[in-house]
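**Student:** Have a peek at upload09.pdb (PDB, C-alpha atoms and all ligand atoms).
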ATOM      1  CA  MET A  24       0.023   1.668 -20.261
ATOM      2  CA  ALA A  25      -1.634  -1.532 -19.159
ATOM      3  CA  VAL A  26      -3.852  -2.800 -16.387
ATOM      4  CA  LEU A  27      -1.889  -5.569 -14.666
ATOM      5  CA  PRO A  28      -3.392  -8.606 -12.911
ATOM      6  CA  ILE A  29      -3.420  -8.151  -9.126
ATOM      7  CA  ARG A  30      -1.916 -11.044  -7.150
ATOM      8  CA  VAL A  31      -4.089 -12.426  -4.368
ATOM      9  CA  VAL A  32      -3.347 -14.546  -1.301
ATOM     10  CA  PRO A  33      -1.714 -17.046  -1.003
ATOM     11  CA  ASP A  34       0.597 -15.919  -3.843
ATOM     12  CA  PRO A  35       4.134 -16.196  -2.390
ATOM     13  CA  VAL A  36       5.262 -12.889  -3.958
ATOM     14  CA  LEU A  37       3.056 -11.132  -1.380
ATOM     15  CA  ARG A  38       5.189 -12.633   1.400
ATOM     16  CA  GLN A  39       8.599 -11.655   0.026
ATOM     17  CA  LYS A  40      10.576  -8.712   1.313
ATOM     18  CA  ALA A  41      10.943  -6.567  -1.804
ATOM     19  CA  LYS A  42      14.274  -5.243  -3.074
ATOM     20  CA  ARG A  43      15.247  -1.595  -3.267
ATOM     21  CA  VAL A  44      14.876   0.201  -6.591
ATOM     22  CA  LYS A  45      18.434   1.092  -7.610
ATOM     23  CA  ALA A  46      17.850   3.220 -10.695
ATOM     24  CA  ILE A  47      14.717   4.878 -11.985
ATOM     25  CA  ASP A  48      14.999   3.789 -15.605
ATOM     26  CA  LYS A  49      12.519   3.306 -18.422
ATOM     27  CA  SER A  50      11.272  -0.028 -17.039
ATOM     28  CA  ILE A  51      10.535   1.539 -13.636
ATOM     29  CA  ARG A  52       8.696   4.464 -15.253
ATOM     30  CA  LYS A  53       6.588   1.992 -17.233
ATOM     31  CA  LEU A  54       5.888  -0.032 -14.079
ATOM     32  CA  VAL A  55       4.760   3.132 -12.247
ATOM     33  CA  ASN A  56       2.409   4.051 -15.108
ATOM     34  CA  ASP A  57       0.990   0.526 -15.317
ATOM     35  CA  MET A  58       0.512   0.362 -11.535
ATOM     36  CA  GLN A  59      -1.295   3.712 -11.538
ATOM     37  CA  GLU A  60      -3.602   2.476 -14.277
ATOM     38  CA  THR A  61      -4.156  -0.807 -12.398
ATOM     39  CA  LEU A  62      -4.953   1.062  -9.165
ATOM     40  CA  HIS A  63      -7.398   3.307 -10.975
ATOM     41  CA  ALA A  64      -9.117   0.339 -12.665
ATOM     42  CA  ALA A  65      -9.480  -1.369  -9.274
ATOM     43  CA  SER A  66     -10.810   1.861  -7.631
ATOM     44  CA  GLY A  67      -8.152   1.440  -4.977
ATOM     45  CA  VAL A  68      -6.283   3.962  -2.837
ATOM     46  CA  GLY A  69      -2.869   2.300  -2.852
ATOM     47  CA  LEU A  70      -0.912  -0.480  -4.544
ATOM     48  CA  ALA A  71       2.521  -1.985  -3.926
ATOM     49  CA  ALA A  72       4.697  -3.419  -6.724
ATOM     50  CA  ASN A  73       4.645  -6.951  -5.324
ATOM     51  CA  GLN A  74       0.846  -6.908  -5.665
ATOM     52  CA  VAL A  75       1.452  -7.008  -9.425
ATOM     53  CA  GLY A  76       4.189  -9.619  -9.063
ATOM     54  CA  ILE A  77       7.232  -7.303  -9.054
ATOM     55  CA  SER A  78       9.261  -7.621  -5.871
ATOM     56  CA  LEU A  79      10.539  -4.035  -5.697
ATOM     57  CA  ARG A  80      10.153  -1.289  -3.080
ATOM     58  CA  LEU A  81       7.751   0.928  -4.977
ATOM     59  CA  ILE A  82       4.199   2.032  -4.132
ATOM     60  CA  VAL A  83       1.549   4.086  -5.909
ATOM     61  CA  LEU A  84      -1.203   6.021  -4.181
ATOM     62  CA  ASN A  85      -4.531   7.531  -5.040
ATOM     63  CA  VAL A  86      -5.691   9.085  -1.788
ATOM     64  CA  PRO A  87      -8.350  11.780  -2.250
ATOM     65  CA  GLU A  88      -7.029  15.328  -1.904
ATOM     66  CA  ASN A  89      -3.447  14.160  -1.843
ATOM     67  CA  GLU A  90      -1.010  14.864  -4.615
ATOM     68  CA  CYS A  91       1.596  12.264  -3.663
ATOM     69  CA  LYS A  92       1.056   9.519  -6.270
ATOM     70  CA  VAL A  93       4.242   7.458  -6.163
ATOM     71  CA  ILE A  94       6.996   6.750  -3.626
ATOM     72  CA  ILE A  95      10.099   4.777  -4.500
ATOM     73  CA  ASN A  96      11.977   3.039  -1.658
ATOM     74  CA  PRO A  97       9.556   4.360   1.006
ATOM     75  CA  GLU A  98      10.523   3.978   4.666
ATOM     76  CA  ILE A  99       8.685   4.822   7.848
ATOM     77  CA  ILE A 100      10.947   6.939  10.005
ATOM     78  CA  ARG A 101       8.465   7.667  12.782
ATOM     79  CA  ARG A 102       5.068   6.460  13.985
ATOM     80  CA  THR A 103       2.988   8.296  16.584
ATOM     81  CA  GLY A 104      -0.290   7.422  18.314
ATOM     82  CA  GLU A 105      -2.709   4.632  17.701
ATOM     83  CA  ARG A 106      -6.186   4.312  16.218
ATOM     84  CA  ILE A 107      -8.566   1.580  15.087
ATOM     85  CA  VAL A 108      -9.330   1.341  11.363
ATOM     86  CA  ASN A 109     -11.310  -0.957   9.098
ATOM     87  CA  GLU A 110      -9.002  -2.039   6.357
ATOM     88  CA  GLY A 111      -9.335  -3.948   3.103
ATOM     89  CA  CYS A 112      -6.753  -5.108   0.567
ATOM     90  CA  LEU A 113      -6.939  -5.697  -3.181
ATOM     91  CA  SER A 114      -4.933  -8.889  -2.608
ATOM     92  CA  ILE A 115      -7.476 -10.215  -0.058
ATOM     93  CA  PRO A 116     -10.771  -9.675  -1.891
ATOM     94  CA  GLY A 117     -14.027 -10.077  -0.002
ATOM     95  CA  TYR A 118     -12.805  -9.177   3.488
ATOM     96  CA  VAL A 119     -12.271  -6.217   5.787
ATOM     97  CA  GLY A 120     -10.549  -6.327   9.119
ATOM     98  CA  GLU A 121     -10.392  -4.156  12.193
ATOM     99  CA  ILE A 122      -6.788  -3.392  13.134
ATOM    100  CA  LYS A 123      -4.676  -0.744  14.832
ATOM    101  CA  ARG A 124      -2.723   1.793  12.826
ATOM    102  CA  SER A 125      -0.726   4.873  13.797
ATOM    103  CA  GLU A 126      -2.271   8.322  14.048
ATOM    104  CA  LEU A 127       0.673   9.990  12.424
ATOM    105  CA  VAL A 128       3.564   8.704  10.339
ATOM    106  CA  ARG A 129       6.648  10.276   8.859
ATOM    107  CA  ILE A 130       7.956   8.737   5.682
ATOM    108  CA  LYS A 131      10.965   9.247   3.526
ATOM    109  CA  GLY A 132      11.591   7.968   0.026
ATOM    110  CA  GLN A 133      12.095   9.170  -3.518
ATOM    111  CA  ASP A 134       9.721  10.685  -6.033
ATOM    112  CA  SER A 135       9.387   9.457  -9.624
ATOM    113  CA  LYS A 136      12.480  11.440 -10.608
ATOM    114  CA  GLY A 137      14.630  10.056  -7.806
ATOM    115  CA  LYS A 138      14.513  13.180  -5.671
ATOM    116  CA  GLU A 139      14.376  12.566  -1.916
ATOM    117  CA  ILE A 140      10.994  13.356  -0.384
ATOM    118  CA  ARG A 141       9.701  13.406   3.177
ATOM    119  CA  ILE A 142       6.038  13.160   4.066
ATOM    120  CA  LYS A 143       4.183  13.729   7.300
ATOM    121  CA  ALA A 144       0.806  11.992   7.079
ATOM    122  CA  GLU A 145      -2.290  11.451   9.159
ATOM    123  CA  GLY A 146      -5.748   9.960   8.570
ATOM    124  CA  LEU A 147      -6.318   7.849   5.455
ATOM    125  CA  LEU A 148      -2.945   8.770   3.929
ATOM    126  CA  ALA A 149      -1.079   7.511   7.022
ATOM    127  CA  GLU A 150      -3.099   4.289   6.975
ATOM    128  CA  VAL A 151      -2.441   3.689   3.275
ATOM    129  CA  LEU A 152       1.286   4.409   3.667
ATOM    130  CA  GLU A 153       1.597   1.946   6.552
ATOM    131  CA  HIS A 154      -0.418  -0.637   4.583
ATOM    132  CA  GLU A 155       1.673  -0.300   1.402
ATOM    133  CA  ILE A 156       5.014  -0.251   3.230
ATOM    134  CA  ASP A 157       3.870  -3.427   5.030
ATOM    135  CA  HIS A 158       3.254  -4.967   1.593
ATOM    136  CA  ILE A 159       6.821  -4.385   0.398
ATOM    137  CA  ASN A 160       8.021  -6.022   3.625
ATOM    138  CA  GLY A 161       5.848  -9.082   2.932
ATOM    139  CA  VAL A 162       3.305  -8.148   5.618
ATOM    140  CA  LEU A 163      -0.489  -8.158   5.132
ATOM    141  CA  TYR A 164      -3.065  -6.327   7.242
ATOM    142  CA  VAL A 165      -4.474  -9.655   8.443
ATOM    143  CA  ASP A 166      -1.168 -10.168  10.291
ATOM    144  CA  HIS A 167      -2.214  -7.314  12.607
ATOM    145  CA  LEU A 168      -5.598  -8.815  13.572
ATOM    146  CA  GLU A 169      -5.869  -9.312  17.320
ATOM    147  CA  SER A 170      -8.265 -12.198  16.715
ATOM    148  CA  GLN A 171     -10.018 -13.839  13.774
ATOM    149  CA  ASP A 172     -13.387 -12.362  14.818
ATOM    150  CA  LYS A 173     -12.014  -8.935  13.804
ATOM    151  CA  LEU A 174     -12.068 -10.144  10.187
ATOM    152  CA  HIS A 175     -15.366  -9.749   8.332
ATOM    153  CA  LYS A 176     -16.575 -11.069   5.044
ATOM    154  CA  ILE A 177     -18.059  -8.532   2.635
ATOM    155  CA  GLU A 178     -19.961  -9.113  -0.563
ATOM    156  CA  PRO A 179     -17.721  -8.289  -3.530
ATOM    157  CA  PRO A 180     -18.149  -6.376  -5.724
ATOM    158  CA  GLN A 181     -19.590  -3.646  -3.580
ATOM    159  CA  ASP A 182     -19.371  -0.009  -4.552
ATOM    160  CA  THR A 183     -19.625   1.184  -0.988
ATOM    161  CA  SER A 184     -16.992  -1.159   0.451
ATOM    162  CA  PRO A 185     -14.095   0.410   2.342
ATOM    163  CA  GLN A 186     -11.364   1.633   0.046
ATOM    164  CA  ALA A 187      -9.014  -1.154  -0.808
ATOM    165  CA  GLU A 188      -5.255  -1.010  -0.720
TER
HETATM  166 NI    NI B 201      -3.146  -4.245   0.219
END
Output the file's structure in the form of structure tokens.
Ligand code: NI

**Tutor:**
Amino acid sequence: MAVLPIRVVPDPVLRQKAKRVKAIDKSIRKLVNDMQETLHAASGVGLAANQVGISLRLIVLNVPENECKVIINPEIIRRTGERIVNEGCLSIPGYVGEIKRSELVRIKGQDSKGKEIRIKAEGLLAEVLEHEIDHINGVLYVDHLESQDKLHKIEPPQDTSPQAE
């Protein structure tokens, strides 16, 4: 396993729509392991493959009290409600922004063995899932800012900063 460098804005890979994972082979299993190690090293809650330079539809998660750690080819099938959150991103270090996310999301995708999974999520998990699925579509949270004054600079590194995705 290896900690991979995290791409930061304005790296063009962050703006590409990622391709579907066709087969979960040895290289994908290695990528999942490396991404999990990278996420852990960065103390993050979620990471998308294009954040480590691989333009594939694959995300890893580390949301407290949630056992879902990887989703391959994730898709949002339903969004319900609206709430305001303060969000950060490992690819946009030093900032947090106030944006709107859904209260509840339903996701489908595949687990690390290729089995179809469906997830109903709320709270932090829903936020992270929307954030990571945005990433694989080339979208960043700053795209959802209603105005630039909703974006705030923070002092990195900061142990108490909002969890980064
Ligand atoms: Ni992010």

**Student:** I'd like to know which of A:Asn160, A:Ser125, A:Gln59, A:Asn96 is closest to A:Arg141, using all atoms listed in the file.

**Tutor:**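 Smallest separation from A:Arg141 among the options: A:Asn96.
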
**Student:** Could I get the residue neighbourhood of ligand NI 201 (chain B) at 7 Å, counting all atoms listed in the file, as a short mmCIF file (atom, residue, chain, number, x, y, z; two decimals) with C-alpha atoms, in the coordinates of the input?

**Tutor:**
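Writing the result to pocket35.cif gives the following:
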data_model
loop_
_atom_site.label_atom_id
_atom_site.label_comp_id
_atom_site.auth_asym_id
_atom_site.auth_seq_id
_atom_site.Cartn_x
_atom_site.Cartn_y
_atom_site.Cartn_z
CA LEU A 70 -0.91 -0.48 -4.54
CA GLY A 111 -9.34 -3.95 3.10
CA CYS A 112 -6.75 -5.11 0.57
CA LEU A 113 -6.94 -5.70 -3.18
CA SER A 114 -4.93 -8.89 -2.61
CA HIS A 154 -0.42 -0.64 4.58
CA GLU A 155 1.67 -0.30 1.40
CA HIS A 158 3.25 -4.97 1.59
CA LEU A 163 -0.49 -8.16 5.13
CA ALA A 187 -9.01 -1.15 -0.81
CA GLU A 188 -5.26 -1.01 -0.72
#

**Student:** Residues proximal to (-2.4, 7.8, 8.8) were defined as those with any atom within 7 Å of that point in the file's coordinates, counting all atoms listed in the file. Which are they, as JSON, numbers by chain?

**Tutor:** {"A": [125, 126, 127, 128, 144, 145, 146, 147, 148, 149, 150, 151]}

**Student:** Counting all atoms listed in the file, note down every residue that has an atom within 10 Å of the point (-2.6, 4.6, -10.1) (file coordinates), as a ChimeraX atom specification.

**Tutor:** /A:26,55-70,82-86,92-93

**Student:** Please produce an output containing C-alpha atoms for each residue in the selection, written as an mmCIF file, in the frame of the given file.

**Tutor:**
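The resulting file, selection.cif, is reproduced below:
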data_model
loop_
_atom_site.group_PDB
_atom_site.id
_atom_site.type_symbol
_atom_site.label_atom_id
_atom_site.label_comp_id
_atom_site.auth_asym_id
_atom_site.auth_seq_id
_atom_site.Cartn_x
_atom_site.Cartn_y
_atom_site.Cartn_z
ATOM 1 C CA VAL A 26 -3.852 -2.800 -16.387
ATOM 2 C CA VAL A 55 4.760 3.132 -12.247
ATOM 3 C CA ASN A 56 2.409 4.051 -15.108
ATOM 4 C CA ASP A 57 0.990 0.526 -15.317
ATOM 5 C CA MET A 58 0.512 0.362 -11.535
ATOM 6 C CA GLN A 59 -1.295 3.712 -11.538
ATOM 7 C CA GLU A 60 -3.602 2.476 -14.277
ATOM 8 C CA THR A 61 -4.156 -0.807 -12.398
ATOM 9 C CA LEU A 62 -4.953 1.062 -9.165
ATOM 10 C CA HIS A 63 -7.398 3.307 -10.975
ATOM 11 C CA ALA A 64 -9.117 0.339 -12.665
ATOM 12 C CA ALA A 65 -9.480 -1.369 -9.274
ATOM 13 C CA SER A 66 -10.810 1.861 -7.631
ATOM 14 C CA GLY A 67 -8.152 1.440 -4.977
ATOM 15 C CA VAL A 68 -6.283 3.962 -2.837
ATOM 16 C CA GLY A 69 -2.869 2.300 -2.852
ATOM 17 C CA LEU A 70 -0.912 -0.480 -4.544
ATOM 18 C CA ILE A 82 4.199 2.032 -4.132
ATOM 19 C CA VAL A 83 1.549 4.086 -5.909
ATOM 20 C CA LEU A 84 -1.203 6.021 -4.181
ATOM 21 C CA ASN A 85 -4.531 7.531 -5.040
ATOM 22 C CA VAL A 86 -5.691 9.085 -1.788
ATOM 23 C CA LYS A 92 1.056 9.519 -6.270
ATOM 24 C CA VAL A 93 4.242 7.458 -6.163
#

**Student:** Give me the residues near stretch 170-177 of chain A as a list in words, where near means some atom within 7 Å (using only C-alpha atoms) and where sequence neighbours in that chain fewer than 3 positions away do not count.

**Tutor:**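 Non-adjacent residues within range: Gly117, Tyr118, Val119, Gly120 and Glu121 of chain A.
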
**Student:** Could you work out how far atom CA of A:Leu152 lies from atom CA of A:Gln74, giving the answer in Å with one decimal?

**Tutor:**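 About the pair atom CA of A:Gln74 and atom CA of A:Leu152: they are 14.7 Å apart.
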
**Student:** Apply the PyMOL selection byres (((chain A and resi 45-47) around 12) and not hetatm) to the file shown and report the selected residues as a list in words.

**Tutor:**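 On this input, the PyMOL selection byres (((chain A and resi 45-47) around 12) and not hetatm) captures Lys42, Arg43, Val44, Asp48, Lys49, Ser50, Ile51, Arg52, Lys53, Leu54, Val55, Leu79, Arg80, Leu81, Ile94, Ile95, Asn96, Gln133, Asp134, Ser135, Lys136, Gly137 and Lys138 of chain A.
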